[in-house]
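Structure first, then comments.
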Amino acid sequence: MSQTIPPLFHSFESGEPFDRCIECERKLEHDCEYVIEKAMKTYEGYSAKDVVFDYAICIECANRIRESFSKESLEAIDKYFANVVPRPATQLLDNTGQFDVEKCVQQCLITGKPLEQLKEYQVYAHCRGKSLQRQVPPYMVSNEAVEQLMPLLSAKTNDILDDFFQRHFSPDPSIFNPLPRLII
């Protein structure tokens, strides 16, 4: 039984499910396996949340990027996540056997901190076509956990990640060109 990707994991820009890989533009159809990542920011005293960035990336592109990381970074990442003990998937199911997505993202997978205590966090979903993958529940990672991991990565790996975000999330360079001066 498949579970449709919930709105939390839809594109902020379109409000619709992601339909293409951010890296290779492959259509995310039927048999395409991919990951959705969405970074969120909250504001103390307000219920509003901002989406800092969101995207879907096919498993092939995600693996290709991961394989380009330095050996030291891969070892550091594996060691960092080795101590993570995810909640059993059965604890994250609702009474219909579907993932209770709200429950899945209520606490940081790494630190255990509850969502309501976080100012910034990222949510992830592992998908195939238009459905969540049953093997990997959606999860949330606090910005604190990301900040703990980043210094463990090599300069090469940080450059690879910076390049990815520069290519996909930087503003159009033309906005930095000086505006023509009006002569009065």
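Residue names in the structure tokens use chain letters A, B, ... in the order shown, residue numbers from 1 in each chain, and ligand numbers from 1 in the order shown.
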Who sits within 12 Å of A:Ala155, only C-alpha atoms, same chain under 3 positions skipped, as a PyMOL selection string: chain A and resi 69-73+150-152+158-162
Using N, CA and C atoms, can you write the selected residues to a file as an mmCIF file, in the first residue's frame?
```cif
data_model
loop_
_atom_site.group_PDB
_atom_site.id
_atom_site.type_symbol
_atom_site.label_atom_id
_atom_site.label_comp_id
_atom_site.auth_asym_id
_atom_site.auth_seq_id
_atom_site.Cartn_x
_atom_site.Cartn_y
_atom_site.Cartn_z
ATOM 1 N N PHE A 69 32.547 13.072 -2.551
ATOM 2 C CA PHE A 69 33.052 13.555 -1.265
ATOM 3 C C PHE A 69 34.394 12.890 -0.964
ATOM 4 N N SER A 70 35.186 13.557 -0.161
ATOM 5 C CA SER A 70 36.467 12.974 0.231
ATOM 6 C C SER A 70 36.245 11.749 1.114
ATOM 7 N N LYS A 71 37.223 10.875 1.113
ATOM 8 C CA LYS A 71 37.158 9.665 1.938
ATOM 9 C C LYS A 71 37.009 10.045 3.414
ATOM 10 N N GLU A 72 37.718 11.085 3.840
ATOM 11 C CA GLU A 72 37.672 11.529 5.234
ATOM 12 C C GLU A 72 36.262 11.990 5.611
ATOM 13 N N SER A 73 35.626 12.713 4.691
ATOM 14 C CA SER A 73 34.275 13.196 4.961
ATOM 15 C C SER A 73 33.280 12.050 5.042
ATOM 16 N N MET A 150 28.926 19.799 9.971
ATOM 17 C CA MET A 150 29.668 20.558 8.958
ATOM 18 C C MET A 150 31.171 20.687 9.247
ATOM 19 N N PRO A 151 31.609 20.955 10.465
ATOM 20 C CA PRO A 151 33.056 21.062 10.709
ATOM 21 C C PRO A 151 33.817 19.743 10.533
ATOM 22 N N LEU A 152 33.090 18.634 10.518
ATOM 23 C CA LEU A 152 33.721 17.331 10.346
ATOM 24 C C LEU A 152 34.055 17.040 8.884
ATOM 25 N N ASN A 158 33.171 20.309 1.492
ATOM 26 C CA ASN A 158 32.461 21.581 1.677
ATOM 27 C C ASN A 158 32.385 22.352 0.364
ATOM 28 N N ASP A 159 33.456 22.304 -0.427
ATOM 29 C CA ASP A 159 33.438 22.968 -1.743
ATOM 30 C C ASP A 159 32.389 22.335 -2.662
ATOM 31 N N ILE A 160 32.268 21.018 -2.633
ATOM 32 C CA ILE A 160 31.274 20.309 -3.459
ATOM 33 C C ILE A 160 29.863 20.734 -3.041
ATOM 34 N N LEU A 161 29.620 20.778 -1.738
ATOM 35 C CA LEU A 161 28.304 21.186 -1.248
ATOM 36 C C LEU A 161 28.022 22.650 -1.564
ATOM 37 N N ASP A 162 29.040 23.505 -1.372
ATOM 38 C CA ASP A 162 28.877 24.929 -1.707
ATOM 39 C C ASP A 162 28.546 25.105 -3.188
#
```
Among stretch 8-178 of chain A, which ones does DSSP assign to helix (DSSP H, G or I) (computed from the backbone)? Answer as a PyMOL selection string. chain A and resi 8-9+59-67+71-82+89-92+101-104+115-117+143-152+155-169+173-176
Set the distance at 10 Å and use only C-alpha atoms: which residues neighbour stretch 43-57 of chain A once local chain neighbours fewer than 3 positions away are removed? I'd like the list as a ChimeraX atom specification. /A:9-13,17-26,28,33-40,60-63,116-127,165,168-169
Given the selection you just returned, output its residues as a file containing N, CA and C atoms, formatted as a short mmCIF file (atom, residue, chain, number, x, y, z; two decimals), in the first residue's frame.
```
data_model
loop_
_atom_site.label_atom_id
_atom_site.label_comp_id
_atom_site.auth_asym_id
_atom_site.auth_seq_id
_atom_site.Cartn_x
_atom_site.Cartn_y
_atom_site.Cartn_z
N PHE A 9 5.90 18.04 1.87
CA PHE A 9 7.01 17.74 0.98
C PHE A 9 6.76 18.16 -0.46
N HIS A 10 5.79 19.03 -0.67
CA HIS A 10 5.57 19.60 -2.00
C HIS A 10 6.48 20.81 -2.18
N SER A 11 6.68 21.21 -3.41
CA SER A 11 7.48 22.38 -3.74
C SER A 11 6.86 23.63 -3.15
N PHE A 12 7.65 24.42 -2.45
CA PHE A 12 7.15 25.69 -1.91
C PHE A 12 6.74 26.63 -3.04
N GLU A 13 7.54 26.62 -4.09
CA GLU A 13 7.30 27.52 -5.22
C GLU A 13 5.97 27.25 -5.92
N PRO A 17 3.54 18.60 -6.01
CA PRO A 17 4.66 17.67 -5.82
C PRO A 17 5.80 18.00 -6.78
N PHE A 18 7.02 17.72 -6.33
CA PHE A 18 8.18 17.93 -7.21
C PHE A 18 8.03 17.01 -8.41
N ASP A 19 8.44 17.50 -9.58
CA ASP A 19 8.30 16.66 -10.77
C ASP A 19 9.62 16.41 -11.49
N ARG A 20 10.70 17.07 -11.04
CA ARG A 20 12.00 16.89 -11.70
C ARG A 20 13.15 16.92 -10.67
N CYS A 21 14.20 16.19 -11.01
CA CYS A 21 15.43 16.22 -10.21
C CYS A 21 16.09 17.57 -10.40
N ILE A 22 16.50 18.19 -9.31
CA ILE A 22 17.14 19.50 -9.38
C ILE A 22 18.48 19.45 -10.12
N GLU A 23 19.11 18.31 -10.11
CA GLU A 23 20.46 18.20 -10.69
C GLU A 23 20.43 17.82 -12.17
N CYS A 24 19.68 16.79 -12.55
CA CYS A 24 19.73 16.28 -13.93
C CYS A 24 18.43 16.52 -14.71
N GLU A 25 17.43 17.07 -14.04
CA GLU A 25 16.13 17.38 -14.67
C GLU A 25 15.32 16.13 -15.02
N ARG A 26 15.75 14.96 -14.55
CA ARG A 26 14.99 13.73 -14.81
C ARG A 26 13.59 13.85 -14.21
N LEU A 28 10.48 12.78 -12.21
CA LEU A 28 10.33 11.95 -11.02
C LEU A 28 9.03 11.15 -11.12
N GLU A 33 13.37 6.79 -7.97
CA GLU A 33 13.59 6.94 -6.53
C GLU A 33 14.32 8.25 -6.29
N TYR A 34 13.90 9.01 -5.29
CA TYR A 34 14.50 10.33 -5.03
C TYR A 34 14.28 10.75 -3.59
N VAL A 35 15.00 11.81 -3.21
CA VAL A 35 14.90 12.37 -1.86
C VAL A 35 14.45 13.82 -1.98
N ILE A 36 13.57 14.21 -1.08
CA ILE A 36 13.15 15.61 -0.97
C ILE A 36 13.77 16.17 0.29
N GLU A 37 14.34 17.36 0.18
CA GLU A 37 14.89 18.08 1.32
C GLU A 37 14.27 19.46 1.34
N LYS A 38 13.83 19.87 2.52
CA LYS A 38 13.23 21.19 2.68
C LYS A 38 13.78 21.80 3.97
N ALA A 39 14.41 22.97 3.86
CA ALA A 39 14.94 23.68 5.03
C ALA A 39 13.93 24.74 5.46
N MET A 40 13.64 24.77 6.75
CA MET A 40 12.62 25.66 7.30
C MET A 40 13.22 26.56 8.38
N GLU A 60 20.26 8.60 -8.15
CA GLU A 60 21.49 8.51 -8.95
C GLU A 60 22.34 9.77 -8.77
N CYS A 61 21.73 10.95 -8.85
CA CYS A 61 22.48 12.20 -8.67
C CYS A 61 22.97 12.34 -7.24
N ALA A 62 22.13 11.99 -6.27
CA ALA A 62 22.54 12.08 -4.87
C ALA A 62 23.74 11.18 -4.61
N ASN A 63 23.70 9.96 -5.15
CA ASN A 63 24.83 9.04 -4.97
C ASN A 63 26.08 9.54 -5.68
N GLU A 116 9.11 22.06 18.22
CA GLU A 116 8.68 23.37 18.74
C GLU A 116 9.81 24.15 19.43
N GLN A 117 10.94 23.52 19.71
CA GLN A 117 12.08 24.22 20.31
C GLN A 117 13.09 24.70 19.27
N LEU A 118 12.84 24.43 18.00
CA LEU A 118 13.83 24.71 16.96
C LEU A 118 13.48 25.96 16.17
N LYS A 119 14.51 26.74 15.86
CA LYS A 119 14.34 27.91 14.99
C LYS A 119 14.56 27.54 13.53
N GLU A 120 15.48 26.60 13.29
CA GLU A 120 15.77 26.15 11.93
C GLU A 120 15.91 24.64 11.93
N TYR A 121 15.41 24.04 10.86
CA TYR A 121 15.47 22.59 10.74
C TYR A 121 15.27 22.20 9.28
N GLN A 122 15.54 20.94 8.99
CA GLN A 122 15.34 20.40 7.65
C GLN A 122 14.52 19.13 7.75
N VAL A 123 13.59 18.97 6.81
CA VAL A 123 12.79 17.75 6.74
C VAL A 123 13.16 17.00 5.47
N TYR A 124 13.08 15.68 5.54
CA TYR A 124 13.48 14.82 4.44
C TYR A 124 12.42 13.75 4.20
N ALA A 125 12.24 13.41 2.94
CA ALA A 125 11.36 12.30 2.58
C ALA A 125 12.03 11.51 1.46
N HIS A 126 12.00 10.22 1.58
CA HIS A 126 12.52 9.31 0.57
C HIS A 126 11.31 8.83 -0.23
N CYS A 127 11.34 9.07 -1.54
CA CYS A 127 10.15 8.83 -2.36
C CYS A 127 10.45 7.97 -3.59
N PHE A 165 24.88 24.22 -3.87
CA PHE A 165 23.94 25.26 -3.44
C PHE A 165 24.10 26.55 -4.24
N HIS A 168 22.25 26.01 -7.58
CA HIS A 168 20.80 25.84 -7.54
C HIS A 168 20.03 26.89 -6.73
N PHE A 169 20.71 27.60 -5.84
CA PHE A 169 19.97 28.50 -4.97
C PHE A 169 20.50 29.92 -4.90
#
```
For a quick check of understanding, using only C-alpha atoms, which of A:Asn95, A:Ser2, A:Leu149, A:Thr157 has the smallest distance to A:Ile77? A:Leu149
Quick one: pick out all strand (DSSP E) residues within stretch 22-184 of chain A from a backbone DSSP run and write them as a VMD selection string. chain A and resid 33 to 42 49 to 58 120 to 128 131 to 132 139 to 142
Top pick for closest residue to A:Leu92, considering A:Gly15, A:Pro138, A:Pro6, A:Pro114 and counting only C-alpha atoms: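 Selected residue with least distance to A:Leu92: A:Pro138.
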Distance atom CA of A:Met140-atom CA of A:Val105, one decimal place? 4.8 Å
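If you look at atom CA of A:Val136 and atom CA of A:Phe164, they are 24.3 Å away from each other.
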Find the residues near A:Gln98: any atom within 8 Å, counting only C-alpha atoms, skip ones fewer than 4 places away on the same chain, and give them as a compact mmCIF listing (two decimals) with C-alpha atoms, in the first residue's frame.
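Listed below is the output, part.txt:
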```txt
# COMPACT_ATOMS: atom_id res chain seq x y z
CA GLN A 3 1.25 6.63 0.63
CA LEU A 93 2.41 4.72 11.57
CA ASP A 94 -1.13 5.94 12.03
```
Closest of A:Gln148, A:Asn83, A:Thr4, A:Thr42 to A:Leu115, counting only C-alpha atoms, is A:Thr42
Could you check how far atom CA of A:Gln166 sits from atom CA of A:Ser68, in Å to one decimal?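 Computed distance, atom CA of A:Gln166 to atom CA of A:Ser68, equals 16.9 Å.
Compared by their closest atoms to A:Pro7, and using only C-alpha atoms, the residues A:Val84, A:Cys32, A:Val141, A:Val101 rank with A:Val101 nearest.
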